[in-house]
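What's in target_27.cif: mmCIF, C-alpha atoms
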```cif
data_entry
loop_
_atom_site.group_PDB
_atom_site.id
_atom_site.type_symbol
_atom_site.label_atom_id
_atom_site.label_comp_id
_atom_site.auth_asym_id
_atom_site.auth_seq_id
_atom_site.Cartn_x
_atom_site.Cartn_y
_atom_site.Cartn_z
ATOM 1 C CA THR A 1 -33.376 21.484 23.368
ATOM 2 C CA ILE A 2 -36.707 20.302 24.677
ATOM 3 C CA THR A 3 -36.741 22.595 27.723
ATOM 4 C CA THR A 4 -36.102 25.639 25.530
ATOM 5 C CA ARG A 5 -38.994 24.605 23.340
ATOM 6 C CA GLU A 6 -41.219 24.064 26.370
ATOM 7 C CA HIS A 7 -40.433 27.573 27.579
ATOM 8 C CA ARG A 8 -41.112 28.959 24.115
ATOM 9 C CA ARG A 9 -44.471 27.166 23.965
ATOM 10 C CA HIS A 10 -45.362 28.475 27.416
ATOM 11 C CA TYR A 11 -44.462 32.029 26.364
ATOM 12 C CA LEU A 12 -46.408 31.791 23.094
ATOM 13 C CA LEU A 13 -49.445 30.356 24.840
ATOM 14 C CA HIS A 14 -49.363 33.229 27.319
ATOM 15 C CA GLN A 15 -49.035 35.818 24.542
ATOM 16 C CA ILE A 16 -51.723 34.378 22.306
ATOM 17 C CA THR A 17 -54.084 34.119 25.291
ATOM 18 C CA ASN A 18 -53.450 37.795 26.063
ATOM 19 C CA LEU A 19 -54.100 38.768 22.452
ATOM 20 C CA VAL A 20 -57.371 36.825 22.374
ATOM 21 C CA GLU A 21 -58.570 38.508 25.559
ATOM 22 C CA ILE A 22 -57.504 41.994 24.429
ATOM 23 C CA PHE A 23 -59.101 41.666 20.986
ATOM 24 C CA ARG A 24 -62.270 40.177 22.425
ATOM 25 C CA ASP A 25 -62.607 43.135 24.840
ATOM 26 C CA GLN A 26 -61.372 45.848 22.459
ATOM 27 C CA PRO A 27 -61.753 44.807 18.803
ATOM 28 C CA GLY A 28 -60.744 48.306 17.701
ATOM 29 C CA LEU A 29 -57.151 47.388 18.513
ATOM 30 C CA LEU A 30 -57.163 44.760 15.784
ATOM 31 C CA GLY A 31 -56.285 47.356 13.152
ATOM 32 C CA PRO A 32 -53.029 48.625 14.610
ATOM 33 C CA LYS A 33 -52.102 45.263 16.155
ATOM 34 C CA ALA A 34 -52.991 42.961 13.238
ATOM 35 C CA GLU A 35 -49.345 42.448 12.307
ATOM 36 C CA LEU A 36 -48.528 41.463 15.878
ATOM 37 C CA ALA A 37 -51.367 38.941 15.852
ATOM 38 C CA LEU A 38 -50.183 37.491 12.536
ATOM 39 C CA CYS A 39 -46.627 37.224 13.876
ATOM 40 C CA CYS A 40 -47.849 35.447 16.979
ATOM 41 C CA LEU A 41 -49.929 33.058 14.877
ATOM 42 C CA ALA A 42 -46.967 32.311 12.614
ATOM 43 C CA MET A 43 -44.654 31.612 15.556
ATOM 44 C CA THR A 44 -47.289 29.454 17.213
ATOM 45 C CA LYS A 45 -47.792 27.498 14.011
ATOM 46 C CA GLN A 46 -44.058 26.860 13.687
ATOM 47 C CA GLU A 47 -43.806 25.747 17.297
ATOM 48 C CA ILE A 48 -46.751 23.368 16.956
ATOM 49 C CA LEU A 49 -45.283 21.906 13.779
ATOM 50 C CA TRP A 50 -41.906 21.484 15.489
ATOM 51 C CA TYR A 51 -43.581 19.741 18.398
ATOM 52 C CA PHE A 52 -45.367 17.229 16.203
ATOM 53 C CA ARG A 53 -42.260 16.608 14.119
ATOM 54 C CA HIS A 54 -39.854 16.088 17.000
ATOM 55 C CA ALA A 55 -41.539 15.345 20.303
ATOM 56 C CA VAL A 56 -44.399 13.118 19.207
ATOM 57 C CA THR A 57 -42.623 11.271 16.402
ATOM 58 C CA PRO A 58 -38.934 11.371 17.315
ATOM 59 C CA GLN A 59 -36.136 10.111 15.106
ATOM 60 C CA PRO A 60 -35.635 6.304 15.069
ATOM 61 C CA ASN A 61 -32.429 6.383 17.128
ATOM 62 C CA ILE A 62 -34.141 8.499 19.793
ATOM 63 C CA ARG A 63 -37.114 6.119 19.850
ATOM 64 C CA LYS A 64 -34.810 3.140 20.526
ATOM 65 C CA ALA A 65 -33.045 5.004 23.316
ATOM 66 C CA ALA A 66 -36.402 6.011 24.812
ATOM 67 C CA LYS A 67 -37.533 2.381 24.888
ATOM 68 C CA LYS A 68 -34.429 1.535 26.864
ATOM 69 C CA GLY A 69 -35.234 4.337 29.303
ATOM 70 C CA HIS A 70 -32.322 6.593 28.379
ATOM 71 C CA ILE A 71 -34.368 9.461 26.953
ATOM 72 C CA GLU A 72 -37.699 10.726 28.163
ATOM 73 C CA ILE A 73 -39.890 12.071 25.372
ATOM 74 C CA ALA A 74 -41.748 15.139 26.574
ATOM 75 C CA TYR A 75 -45.465 15.386 25.963
ATOM 76 C CA ASP A 76 -46.710 18.917 26.400
ATOM 77 C CA PRO A 77 -50.393 19.447 27.253
ATOM 78 C CA GLN A 78 -50.013 23.135 26.349
ATOM 79 C CA VAL A 79 -49.949 22.286 22.654
ATOM 80 C CA ALA A 80 -53.692 21.601 22.626
ATOM 81 C CA GLN A 81 -54.300 24.948 24.336
ATOM 82 C CA MET A 82 -52.066 26.680 21.779
ATOM 83 C CA ILE A 83 -54.073 25.161 18.934
ATOM 84 C CA PHE A 84 -57.361 26.172 20.566
ATOM 85 C CA LYS A 85 -56.206 29.749 21.212
ATOM 86 C CA SER A 86 -54.827 30.026 17.670
ATOM 87 C CA VAL A 87 -58.162 28.999 16.206
ATOM 88 C CA GLU A 88 -59.898 31.420 18.547
ATOM 89 C CA LEU A 89 -57.614 34.291 17.490
ATOM 90 C CA VAL A 90 -58.157 33.521 13.803
ATOM 91 C CA GLY A 91 -61.905 33.505 14.439
ATOM 92 C CA ILE A 92 -61.756 36.914 16.113
ATOM 93 C CA MET A 93 -59.691 38.296 13.238
ATOM 94 C CA ASN A 94 -62.209 36.931 10.730
ATOM 95 C CA ASP A 95 -65.169 38.302 12.696
ATOM 96 C CA TYR A 96 -63.654 41.783 12.902
ATOM 97 C CA GLY A 97 -61.953 41.773 9.490
ATOM 98 C CA LYS A 98 -63.759 44.971 8.538
ATOM 99 C CA ILE A 99 -61.939 46.810 11.327
ATOM 100 C CA ILE A 100 -58.573 45.640 10.019
ATOM 101 C CA LYS A 101 -59.496 46.493 6.438
ATOM 102 C CA SER A 102 -60.784 49.958 7.325
ATOM 103 C CA TYR A 103 -57.674 50.689 9.410
ATOM 104 C CA TYR A 104 -55.313 49.873 6.544
ATOM 105 C CA THR A 105 -57.555 51.633 4.022
ATOM 106 C CA GLU A 106 -57.309 54.812 6.076
ATOM 107 C CA PHE A 107 -53.561 54.263 6.339
ATOM 108 C CA LEU A 108 -53.346 54.051 2.536
ATOM 109 C CA LYS A 109 -55.277 57.290 2.192
ATOM 110 C CA GLY A 110 -52.954 59.103 4.590
ATOM 111 C CA LEU A 111 -49.337 58.219 5.202
ATOM 112 C CA ASP A 112 -48.921 55.793 2.322
ATOM 113 C CA ARG A 113 -50.218 58.373 -0.150
ATOM 114 C CA ASP A 114 -47.318 60.664 0.785
ATOM 115 C CA THR A 115 -44.869 57.813 0.213
ATOM 116 C CA ILE A 116 -46.451 57.001 -3.143
ATOM 117 C CA ASN A 117 -46.178 60.660 -4.172
ATOM 118 C CA LYS A 118 -42.434 60.505 -3.423
ATOM 119 C CA VAL A 119 -42.162 57.380 -5.562
ATOM 120 C CA LYS A 120 -44.052 59.217 -8.311
ATOM 121 C CA GLU A 121 -41.489 62.006 -8.248
ATOM 122 C CA SER A 122 -38.612 59.525 -8.431
ATOM 123 C CA THR A 123 -40.101 57.664 -11.424
ATOM 124 C CA LYS A 124 -40.433 60.643 -13.779
ATOM 125 C CA GLY A 125 -37.649 59.230 -15.952
ATOM 126 C CA HIS A 126 -39.399 55.869 -16.315
ATOM 127 C CA SER A 127 -42.664 56.497 -18.160
ATOM 128 C CA GLN A 128 -44.254 53.074 -17.579
ATOM 129 C CA ALA A 129 -43.494 53.100 -13.833
ATOM 130 C CA HIS A 130 -44.682 56.708 -13.584
ATOM 131 C CA GLN A 131 -47.960 55.780 -15.288
ATOM 132 C CA THR A 132 -48.405 52.809 -12.928
ATOM 133 C CA VAL A 133 -47.846 55.059 -9.912
ATOM 134 C CA GLU A 134 -50.480 57.463 -11.238
ATOM 135 C CA GLU A 135 -52.900 54.539 -11.646
ATOM 136 C CA ILE A 136 -52.199 53.483 -8.050
ATOM 137 C CA ILE A 137 -52.913 56.998 -6.835
ATOM 138 C CA SER A 138 -56.184 57.107 -8.772
ATOM 139 C CA LEU A 139 -57.167 53.699 -7.336
ATOM 140 C CA ILE A 140 -56.484 54.981 -3.833
ATOM 141 C CA ASN A 141 -58.465 58.169 -4.459
ATOM 142 C CA SER A 142 -61.461 56.499 -6.074
ATOM 143 C CA GLY A 143 -61.669 52.890 -4.944
ATOM 144 C CA LEU A 144 -60.975 53.204 -1.260
ATOM 145 C CA GLY A 145 -63.862 55.501 -0.446
ATOM 146 C CA SER A 146 -66.479 52.780 -0.300
ATOM 147 C CA GLU A 147 -67.379 50.839 2.814
ATOM 148 C CA ASN A 148 -66.045 47.540 1.479
ATOM 149 C CA PRO A 149 -63.288 48.414 -1.018
ATOM 150 C CA ASP A 150 -61.851 45.858 -3.411
ATOM 151 C CA LEU A 151 -58.093 45.892 -2.839
ATOM 152 C CA GLU A 152 -57.206 43.310 -5.510
ATOM 153 C CA PRO A 153 -56.592 45.812 -8.365
ATOM 154 C CA LEU A 154 -54.435 47.874 -6.030
ATOM 155 C CA ARG A 155 -52.413 44.793 -5.050
ATOM 156 C CA LYS A 156 -51.864 43.888 -8.701
ATOM 157 C CA LYS A 157 -50.661 47.400 -9.537
ATOM 158 C CA LEU A 158 -48.318 47.453 -6.548
ATOM 159 C CA VAL A 159 -46.786 44.115 -7.565
ATOM 160 C CA ALA A 160 -46.367 45.366 -11.141
ATOM 161 C CA LEU A 161 -44.697 48.538 -9.860
ATOM 162 C CA GLN A 162 -42.386 46.556 -7.632
ATOM 163 C CA ALA A 163 -41.382 44.381 -10.576
ATOM 164 C CA MET A 164 -40.724 47.426 -12.759
ATOM 165 C CA LEU A 165 -38.646 49.183 -10.118
ATOM 166 C CA SER A 166 -36.571 46.088 -9.349
ATOM 167 C CA THR A 167 -35.210 45.795 -12.889
ATOM 168 C CA LYS A 168 -31.851 47.204 -13.978
ATOM 169 C CA GLN A 169 -33.527 49.737 -16.272
ATOM 170 C CA SER A 170 -35.458 51.345 -13.421
ATOM 171 C CA PRO A 171 -34.567 54.867 -12.327
ATOM 172 C CA GLY A 172 -32.667 55.528 -9.132
#
```
Can I see the file as structure tokens?
Amino acid sequence: TITTREHRRHYLLHQITNLVEIFRDQPGLLGPKAELALCCLAMTKQEILWYFRHAVTPQPNIRKAAKKGHIEIAYDPQVAQMIFKSVELVGIMNDYGKIIKSYYTEFLKGLDRDTINKVKESTKGHSQAHQTVEEIISLINSGLGSENPDLEPLRKKLVALQAMLSTKQSPG
């Protein structure tokens, strides 16, 4: 219903405003909280799209009933604020993208390396997957040491590994 959506928009506006203020004051939190920011942006986007699909341009039968005075179409001034705060949050994330990238690069060097080593052990029976895992490990060891690492080769190898391991012939 419209009131549920209004409450959701109010909640999202409050949350995205908090995120903008937190990240503006403490950009170092962008690394560990980047997923939360992306989730908030995705939910805000969906809510804005819903608003413009339903509240601003309602279905023809609703429009006729509204002209007769039976239904009041809600116009929410918070939508403009949500759009502004979303753009502001995206700008902050772009400005401090190096912090996010360095956080996840360090994560790859630490905890994810242990996980990849476990995958390496489980792929010993599948020579192509095992070789791909070794290439991923070498990319992590060599390519992530620079200040601005190129993650595209690593992404491609991870997608290839995922495809190999999702087939019926894959081990385990």
Judged by all atoms listed in the file, the minimum distance to A:Leu38 among A:Ile137, A:Met82, A:Ile16, A:Asp95 is found for A:Ile16
Worksheet item: Please, what distance in Å, to one decimal, runs between atom CA of A:Ser142 and atom CA of A:Lys124?
Response: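 Taking atom CA of A:Ser142 and atom CA of A:Lys124, their separation equals 22.8 Å.
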(request) Might you pull out every residue within 12 Å of A:Gln15, with only C-alpha atoms counted and same-chain residues fewer than 4 positions away left off, and present them as a PyMOL selection string? (result) chain A and resi 8-11+19-22+36-37+39-41+43-44+82+85-86+89
What does the PyMOL selection byres ((chain A and resi 5) around 12) select in this file, as an NGL selection string?
:A and (1-4 or 6-12 or 43-44 or 46-51 or 54-55 or 74-76 or 78-79)
Filtering to C-alpha atoms, could you give me those residues as a tab-separated table (two decimals), keeping the file's coordinate frame?
```tsv
chain	number	residue	atom	x	y	z
A	1	THR	CA	-33.38	21.48	23.37
A	2	ILE	CA	-36.71	20.30	24.68
A	3	THR	CA	-36.74	22.60	27.72
A	4	THR	CA	-36.10	25.64	25.53
A	6	GLU	CA	-41.22	24.06	26.37
A	7	HIS	CA	-40.43	27.57	27.58
A	8	ARG	CA	-41.11	28.96	24.12
A	9	ARG	CA	-44.47	27.17	23.96
A	10	HIS	CA	-45.36	28.48	27.42
A	11	TYR	CA	-44.46	32.03	26.36
A	12	LEU	CA	-46.41	31.79	23.09
A	43	MET	CA	-44.65	31.61	15.56
A	44	THR	CA	-47.29	29.45	17.21
A	46	GLN	CA	-44.06	26.86	13.69
A	47	GLU	CA	-43.81	25.75	17.30
A	48	ILE	CA	-46.75	23.37	16.96
A	49	LEU	CA	-45.28	21.91	13.78
A	50	TRP	CA	-41.91	21.48	15.49
A	51	TYR	CA	-43.58	19.74	18.40
A	54	HIS	CA	-39.85	16.09	17.00
A	55	ALA	CA	-41.54	15.34	20.30
A	74	ALA	CA	-41.75	15.14	26.57
A	75	TYR	CA	-45.46	15.39	25.96
A	76	ASP	CA	-46.71	18.92	26.40
A	78	GLN	CA	-50.01	23.14	26.35
A	79	VAL	CA	-49.95	22.29	22.65
```
note - atom CA of A:Ala129 and atom CA of A:Leu161 are separated by 6.2 Å
What is the atom CA of A:Leu108-atom CA of A:Gly28 distance in Å, reported with one decimal?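 Separation between atom CA of A:Leu108 and atom CA of A:Gly28: 17.8 Å.
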Residue with the minimum atom-to-atom distance to A:Val90, picked from A:Phe23, A:Asp112, A:Lys118, A:Val133 with only C-alpha atoms counted, is A:Phe23
Practice item. Identify, on the basis of all atoms listed in the file, every residue whose closest approach to A:Thr123 does not exceed 10 Å; exclude the query and any residue fewer than 3 positions from it along the same chain; express the result as a list in words. Key: Asn117, Lys118, Val119, Lys120, His126, Ser127, Gln128, Ala129, His130, Gln131, Thr132, Val133, Leu165, Ser170, Pro171 and Gly172 of chain A
As AutoDock Vina command-line options: centre and edge lengths in Å, one decimal, of the axis-aligned box holding stretch 152-158 of chain A with 3 Å per side:
```
--center_x -52.8 --center_y 45.6 --center_z -7.3 --size_x 14.9 --size_y 10.6 --size_z 10.5
```
Ground truth for the PyMOL selection byres ((chain A and resi 98) around 12), written as a PyMOL selection string: chain A and resi 27-28+30-31+34+92-97+99-105+147-149
